[in-house]
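Student: My questions all concern the structure below.
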Amino acid sequence: MKLTKATPHITQNEDLIFERSRRGRIGYRLPELDVEEAPLDALIPRELRRDDDLEGVPEVSEVDVVRHFTRLSTWNYAVDHGMYPLGSCTMKYNPRLNERIARLAGFADLHPLTPEEDAQGALQVIYELQEHLAEITGLPGVSLQPAAGAHGEMTGIMMIRAFLDARDGKRHGRSVMIIPDSAHGTNPASAHLSGFKVKTVKTTPEGLTDLDQLRELCATGDVAGLMLTNPNTLGLFEKEIREICRIVHDAGGLVYMDGANMNALVGWARPGDMGVDVIHLNLHKTFSTPHGGGGPGSGPCCCTKELEPFLPVPRVVRDGDRFRLDYDRPHSIGRVKAFYGNFGMALRALAYILTHGPDGLREATETAVLNARYLAHHLASDYERPYDAPPMHEVVFTDKRQARKGVHTLDIAKRLIDYGFHPPTIYFPLIVQGAMLIEPTESVGREELDQFIEAMRSIAREAEEDPELVRSAPHTTRISRLDEASAARRPILRWRPEN
Amino acid sequence: MAAYVPEDLHYSKDHEWIRVEGDTGIIGITDHAQQSLGDIVYVELPRVGDTFAAHDAFGSVESVKAVSEVYAPVSGEVIEVNESLQDEPEKVNADPYGEGWMIRIRLSDPSEIDSLLTAAEYEDYIRQEIE
């Protein structure tokens, strides 16, 4: 059969840069000294110097380095290659305009310790992005400090803790954070690290939070709050979100929303209007800043007026037409990151928001949801969906039908690589056996969606007719299946010459 | 591959088994559980002396797919832990009812055993779960 491939693979293997090292080879040449030579001991004390002449550091030429890393980069798959349907990750296109703005010398070369009066433009960027995020979420207090999603989560949970301590006194005994069984693993981790005990609320057969169980869990008087993703990780909108917030609030708790799935809501629905108290956003998901490859990420926290005093310091505030850093916030949880967050990401996100405008943002949301529903519709004949409700920006399927032929989710994901696509998120959410969570985002056109659908259907046919072909995939990559179990059980984390 | 379900054990709906020996019980995860999890790469277990109520999470297993909690089928105090799983978590895959055992507890209420599933009931339960 003929495969339609979206990306080529370089088939040769590549030595480690350490193995390319040749003694004495260097990648630089220094000019003649034009000052008097001084003894090294007079310049750098001996105890501060390493005495092994950089033993073990690869000795290579510049071209060796460039070619080595360029070749390695071709083994990668990136959003600039094609559709990257990792559910819950919102791998959307990173507009080139964002990159151009972020590289403007006035921003890119600005030192973070520049005095306020000489950094007015940068402070204005932070302030204006805060204002836009406040409008988009319906939550007026914003901090751009958190470096990524889980960091934003923990910041939000620390704020809830500080708020409860201030409201109810330190011995309030509110020790429980309620988290749905469909949540991202970072949610219980953030709650646990902030000193809360996690209790799990189950998902109903319809794929939504079980309100009866939530009421029971809230009846014990020790509830600090609820951490909820909306739409949830099954791609379904929690229709009863107002009631959910009311139940938690009546019990004296606060509602934290994981904003990972905001790409389904921007411009159409605001967490603040739903009753949410604090949310983090992922600028590297919803607002088109680079995701993966080190990003870096950015996970701003947005909160209600009541929680605002607890936001990290410094806050960026406006006095007339001047902007300044405000450290005088006695209730603040303190600083959560050096300086002011990943500022380059704030610039890109602001560029994204301003170039789209309100109508453009609404349209992006609409297209993201439409694309997911298009996939849900066209794949329904070949793959089973565990929940029937129309999905929002992502859709979950299972391997139930294919499993009868011994073909499982991992095999389907690996086979997709042969068709030139990055696989979707697999085996998450944990409550769906053999889950495939597919999020196309708005960045994919109809043609590529159709190509993806055709690939998935073709794999479903292969699973029926030639299951071994799928089970042994991928067939067109440099190497096929990695031994993930050995890599996790007995990892080799350091190269040594004798290896 | 159909999961093996030994006759002489009691089972929980969370896929743990318990082998009752006097007033103690040995606990592990079932063959079906290890098959669903895939290659297990790390096992986190409690300390001797820790106590758990029935349905409390007493530890977790990490496979190449995900981390899952392991629940105590009945209440009790941990009196022995299978330390060898630290270095050889693969025993849980290879021999879930033998060398892959996890903890031994002193039962605080032996009558709780009656609420668990028999081998036949557990077999029905996993068959329904698959279908």
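All residue names refer to the structure tokens as shown: chains lettered A, B, ... in order, residues numbered from 1 in each chain, ligands numbered from 1 in order.
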Would you tabulate, counting only C-alpha atoms, all residues of chain A that have an atom at most 10 Å from an atom of chain B, showing the closest pair of atoms and their distance in Å to one decimal, sorted by chain then ascending number, as JSON lines?

Tutor:
{"residue": "A:Gly185", "atom": "CA", "partner": "B:Val67", "partner_atom": "CA", "distance": 8.9}
{"residue": "A:Lys400", "atom": "CA", "partner": "B:Ile130", "partner_atom": "CA", "distance": 8.1}
{"residue": "A:Ala403", "atom": "CA", "partner": "B:Ile130", "partner_atom": "CA", "distance": 9.7}
{"residue": "A:Arg404", "atom": "CA", "partner": "B:Ile130", "partner_atom": "CA", "distance": 9.9}
{"residue": "A:Gly406", "atom": "CA", "partner": "B:Met1", "partner_atom": "CA", "distance": 9.1}
{"residue": "A:Leu410", "atom": "CA", "partner": "B:Lys65", "partner_atom": "CA", "distance": 9.4}
{"residue": "A:Ile426", "atom": "CA", "partner": "B:Lys65", "partner_atom": "CA", "distance": 8.3}
{"residue": "A:Tyr427", "atom": "CA", "partner": "B:Lys65", "partner_atom": "CA", "distance": 6.4}
{"residue": "A:Phe428", "atom": "CA", "partner": "B:Ala66", "partner_atom": "CA", "distance": 8.3}
{"residue": "A:Pro429", "atom": "CA", "partner": "B:Ala66", "partner_atom": "CA", "distance": 9.9}
{"residue": "A:Leu430", "atom": "CA", "partner": "B:Ala66", "partner_atom": "CA", "distance": 7.8}
{"residue": "A:Gln433", "atom": "CA", "partner": "B:Ser36", "partner_atom": "CA", "distance": 8.5}
{"residue": "A:Gly434", "atom": "CA", "partner": "B:Ser36", "partner_atom": "CA", "distance": 9.0}
{"residue": "A:Asp483", "atom": "CA", "partner": "B:Val64", "partner_atom": "CA", "distance": 9.8}
{"residue": "A:Glu484", "atom": "CA", "partner": "B:Val64", "partner_atom": "CA", "distance": 6.4}
{"residue": "A:Ala485", "atom": "CA", "partner": "B:Asp39", "partner_atom": "CA", "distance": 5.8}
{"residue": "A:Ser486", "atom": "CA", "partner": "B:Val41", "partner_atom": "CA", "distance": 8.0}
{"residue": "A:Ala487", "atom": "CA", "partner": "B:Val41", "partner_atom": "CA", "distance": 9.0}
{"residue": "A:Ala488", "atom": "CA", "partner": "B:Val41", "partner_atom": "CA", "distance": 5.9}
{"residue": "A:Arg489", "atom": "CA", "partner": "B:Val41", "partner_atom": "CA", "distance": 5.1}
{"residue": "A:Arg490", "atom": "CA", "partner": "B:Val41", "partner_atom": "CA", "distance": 8.9}

Student: Find the spatial neighbours of Ala189 of chain A, counting only C-alpha atoms, within a cut-off of 9 Å - ignore same-chain residues fewer than 4 positions away - and output them as a VMD selection string.

Tutor: chain A and resid 150 154 185 193 to 194

Student: Write the selection just made, keeping N, CA and C atoms, as a short mmCIF file (atom, residue, chain, number, x, y, z; two decimals), in the first residue's frame?

Tutor:
data_model
loop_
_atom_site.label_atom_id
_atom_site.label_comp_id
_atom_site.auth_asym_id
_atom_site.auth_seq_id
_atom_site.Cartn_x
_atom_site.Cartn_y
_atom_site.Cartn_z
N ALA A 150 2.11 23.96 35.80
CA ALA A 150 2.10 23.38 37.14
C ALA A 150 2.55 24.41 38.18
N MET A 154 0.41 25.67 41.40
CA MET A 154 0.88 25.70 42.78
C MET A 154 0.75 27.11 43.35
N GLY A 185 -2.21 14.97 36.35
CA GLY A 185 -1.45 14.52 37.52
C GLY A 185 -0.82 15.66 38.30
N LEU A 193 1.94 19.25 47.54
CA LEU A 193 3.11 20.08 47.87
C LEU A 193 2.72 21.28 48.72
N SER A 194 1.48 21.74 48.57
CA SER A 194 1.02 22.88 49.36
C SER A 194 0.43 22.43 50.70
#

Student: Applying 12 Å and only C-alpha atoms, which residues near His291 of chain A remain after dropping the ones on its own chain fewer than 2 positions away? List them as a VMD selection string.

Tutor: chain A and resid 78 to 80 84 86 88 to 94 148 to 149 282 to 289 293 to 299 345

Student: Those selected residues, please, written with N, CA and C atoms and delivered as a compact mmCIF listing (two decimals), in the first residue's frame.

Tutor:
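Output saved as part33.txt:
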# COMPACT_ATOMS: atom_id res chain seq x y z
N ALA A 78 7.98 18.71 15.03
CA ALA A 78 7.66 19.99 15.66
C ALA A 78 6.37 20.56 15.08
N VAL A 79 5.82 21.56 15.75
CA VAL A 79 4.59 22.18 15.22
C VAL A 79 4.83 22.77 13.84
N ASP A 80 6.07 23.09 13.51
CA ASP A 80 6.35 23.61 12.17
C ASP A 80 6.42 22.51 11.12
N TYR A 84 0.04 18.26 15.16
CA TYR A 84 0.68 17.75 16.38
C TYR A 84 -0.43 17.58 17.41
N LEU A 86 -1.49 16.38 20.13
CA LEU A 86 -1.36 15.96 21.52
C LEU A 86 -2.47 16.56 22.37
N SER A 88 -4.74 17.88 25.30
CA SER A 88 -4.45 18.59 26.53
C SER A 88 -3.19 19.46 26.43
N CYS A 89 -2.57 19.49 25.27
CA CYS A 89 -1.32 20.25 25.12
C CYS A 89 -1.48 21.48 24.23
N THR A 90 -2.55 21.55 23.44
CA THR A 90 -2.81 22.68 22.55
C THR A 90 -1.57 23.08 21.77
N MET A 91 -1.10 22.16 20.91
CA MET A 91 0.11 22.41 20.13
C MET A 91 -0.26 23.22 18.90
N LYS A 92 -0.55 24.51 19.12
CA LYS A 92 -0.95 25.35 17.99
C LYS A 92 0.27 26.02 17.37
N TYR A 93 0.06 26.54 16.20
CA TYR A 93 1.11 27.24 15.45
C TYR A 93 1.60 28.44 16.25
N ASN A 94 2.91 28.67 16.22
CA ASN A 94 3.51 29.82 16.88
C ASN A 94 3.77 30.89 15.81
N ALA A 148 5.26 28.22 34.29
CA ALA A 148 4.54 27.28 33.43
C ALA A 148 3.29 26.82 34.16
N GLY A 149 2.57 25.86 33.56
CA GLY A 149 1.26 25.47 34.08
C GLY A 149 1.28 24.96 35.51
N ASN A 282 -2.12 28.79 30.37
CA ASN A 282 -0.86 28.37 29.78
C ASN A 282 -0.66 29.22 28.53
N LEU A 283 0.22 30.22 28.63
CA LEU A 283 0.45 31.04 27.44
C LEU A 283 1.01 30.17 26.31
N HIS A 284 1.73 29.09 26.69
CA HIS A 284 2.33 28.20 25.68
C HIS A 284 1.33 27.22 25.11
N LYS A 285 0.09 27.26 25.58
CA LYS A 285 -0.96 26.49 24.92
C LYS A 285 -1.88 27.49 24.21
N THR A 286 -2.73 28.12 25.02
CA THR A 286 -3.81 28.93 24.49
C THR A 286 -3.33 30.17 23.71
N PHE A 287 -2.20 30.74 24.13
CA PHE A 287 -1.81 32.03 23.55
C PHE A 287 -0.58 31.93 22.65
N SER A 288 -0.39 30.76 22.07
CA SER A 288 0.51 30.54 20.91
C SER A 288 2.00 30.77 21.16
N THR A 289 2.43 30.78 22.43
CA THR A 289 3.87 30.89 22.63
C THR A 289 4.45 29.47 22.54
N GLY A 293 10.26 21.62 23.79
CA GLY A 293 11.60 22.08 23.44
C GLY A 293 12.11 23.12 24.42
N GLY A 294 11.55 23.14 25.62
CA GLY A 294 12.03 24.10 26.61
C GLY A 294 11.27 25.40 26.60
N GLY A 295 10.33 25.56 25.67
CA GLY A 295 9.46 26.74 25.64
C GLY A 295 10.21 28.05 25.65
N PRO A 296 10.46 28.70 26.77
CA PRO A 296 9.99 28.31 28.08
C PRO A 296 8.48 28.53 28.20
N GLY A 297 7.88 27.93 29.18
CA GLY A 297 6.46 28.10 29.38
C GLY A 297 6.13 29.40 30.08
N SER A 298 4.86 29.62 30.29
CA SER A 298 4.41 30.74 31.09
C SER A 298 3.02 30.43 31.61
N GLY A 299 2.84 30.51 32.91
CA GLY A 299 1.56 30.09 33.51
C GLY A 299 0.94 31.14 34.41
N MET A 345 7.71 35.53 26.74
CA MET A 345 6.44 34.87 26.44
C MET A 345 5.27 35.85 26.60

Student: Need to verify the contact set: segment 28-33 of chain B, 9 Å, only C-alpha atoms, exclusion of same-chain residues closer than 2 positions in sequence. Can you return it as JSON, numbers by chain?

Tutor: {"B": [2, 3, 4, 5, 11, 14, 15, 16, 17, 18, 19, 26, 35, 36, 37, 38, 70, 92, 93, 95, 96, 97, 98, 100, 101, 102, 103, 126]}

Student: Skip segment 368-371 of chain A itself and residues of its chain fewer than 5 positions away, then list as a PyMOL selection string all residues within 12 Å of it, counting only C-alpha atoms.

Tutor: chain A and resi 83+85+90-92+231+235-237+261-266+268+286+361-363+376-378+390-395+438-450+452-453

Student: Among the residues of segment 49-130 of chain B, find those DSSP assigns to strand (DSSP E) from the backbone and print them as number ranges by chain.

Tutor: B: 51-52, 57-63, 67-71, 76-81, 103-107

Student: Which distance in Å separates atom CA of Val470 of chain A and atom CA of Lys414 of chain A, to one decimal?

Tutor: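 Answer for the atom CA of Val470 of chain A to atom CA of Lys414 of chain A separation: 7.8 Å.
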
Student: Would you work out the distance separating atom CA of Glu99 of chain B from atom CA of Glu83 of chain B, expressed in Å to one decimal?

Tutor: 10.9 Å

Student: Identify, on the basis of only C-alpha atoms, every residue whose closest approach to Val20 of chain B does not exceed 10 Å; exclude the query and any residue fewer than 3 positions from it along the same chain; express the result as a ChimeraX atom specification.

Tutor: /B:8-10,17,23-27,104-107,110,113

Student: Please return as a list in words: the residues of chain B that backbone DSSP assigns to alpha helix (DSSP H).

Tutor: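 Matching residues, listed in order: Asp31, His32, Ala33, Gln34, Gln35, Ser36, Leu37, Glu90, Lys91, Val92, Asn93, Ala94, Ala119, Ala120, Glu121, Tyr122, Glu123, Asp124, Tyr125, Ile126, Arg127, Gln128, Glu129 and Ile130 of chain B.
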
Student: Determine, counting only C-alpha atoms, which protein, DNA and RNA residues have an atom within 9 Å of an atom of segment 63-72 of chain A; residues of the same chain fewer than 3 positions away are not included. Present the result as a PyMOL selection string.

Tutor: chain A and resi 10+14-17+20+27+60+75-76

Student: Using only N, CA and C atoms, please write the residues we just selected to a file, as a compact mmCIF listing (two decimals), in the first residue's frame.

Tutor:
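Final output, part.txt:
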# COMPACT_ATOMS: atom_id res chain seq x y z
N ILE A 10 15.75 11.16 8.65
CA ILE A 10 17.13 10.86 8.31
C ILE A 10 17.44 9.51 8.94
N GLU A 14 23.67 8.61 14.79
CA GLU A 14 24.57 9.73 15.04
C GLU A 14 25.37 9.45 16.32
N ASP A 15 26.70 9.63 16.23
CA ASP A 15 27.52 9.49 17.43
C ASP A 15 27.17 10.60 18.41
N LEU A 16 27.47 10.36 19.67
CA LEU A 16 27.37 11.45 20.65
C LEU A 16 28.46 12.46 20.36
N ILE A 17 28.24 13.70 20.77
CA ILE A 17 29.25 14.74 20.53
C ILE A 17 30.56 14.36 21.25
N ARG A 20 32.74 12.27 19.14
CA ARG A 20 33.34 12.96 18.00
C ARG A 20 34.58 13.73 18.42
N GLY A 27 37.34 24.99 18.37
CA GLY A 27 36.38 25.67 17.52
C GLY A 27 36.53 27.18 17.56
N VAL A 60 35.92 19.73 19.71
CA VAL A 60 35.35 19.65 18.37
C VAL A 60 35.44 21.00 17.70
N TRP A 75 15.67 14.79 13.57
CA TRP A 75 15.00 13.60 14.10
C TRP A 75 13.73 13.99 14.84
N ASN A 76 13.55 15.25 15.03
CA ASN A 76 12.45 15.73 15.83
C ASN A 76 11.21 15.96 15.00

Student: What is the atom CA of Gly357 of chain A-atom CA of Ile136 of chain A distance in Å, reported with one decimal?

Tutor: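 About the pair atom CA of Gly357 of chain A and atom CA of Ile136 of chain A: they are 11.4 Å apart.
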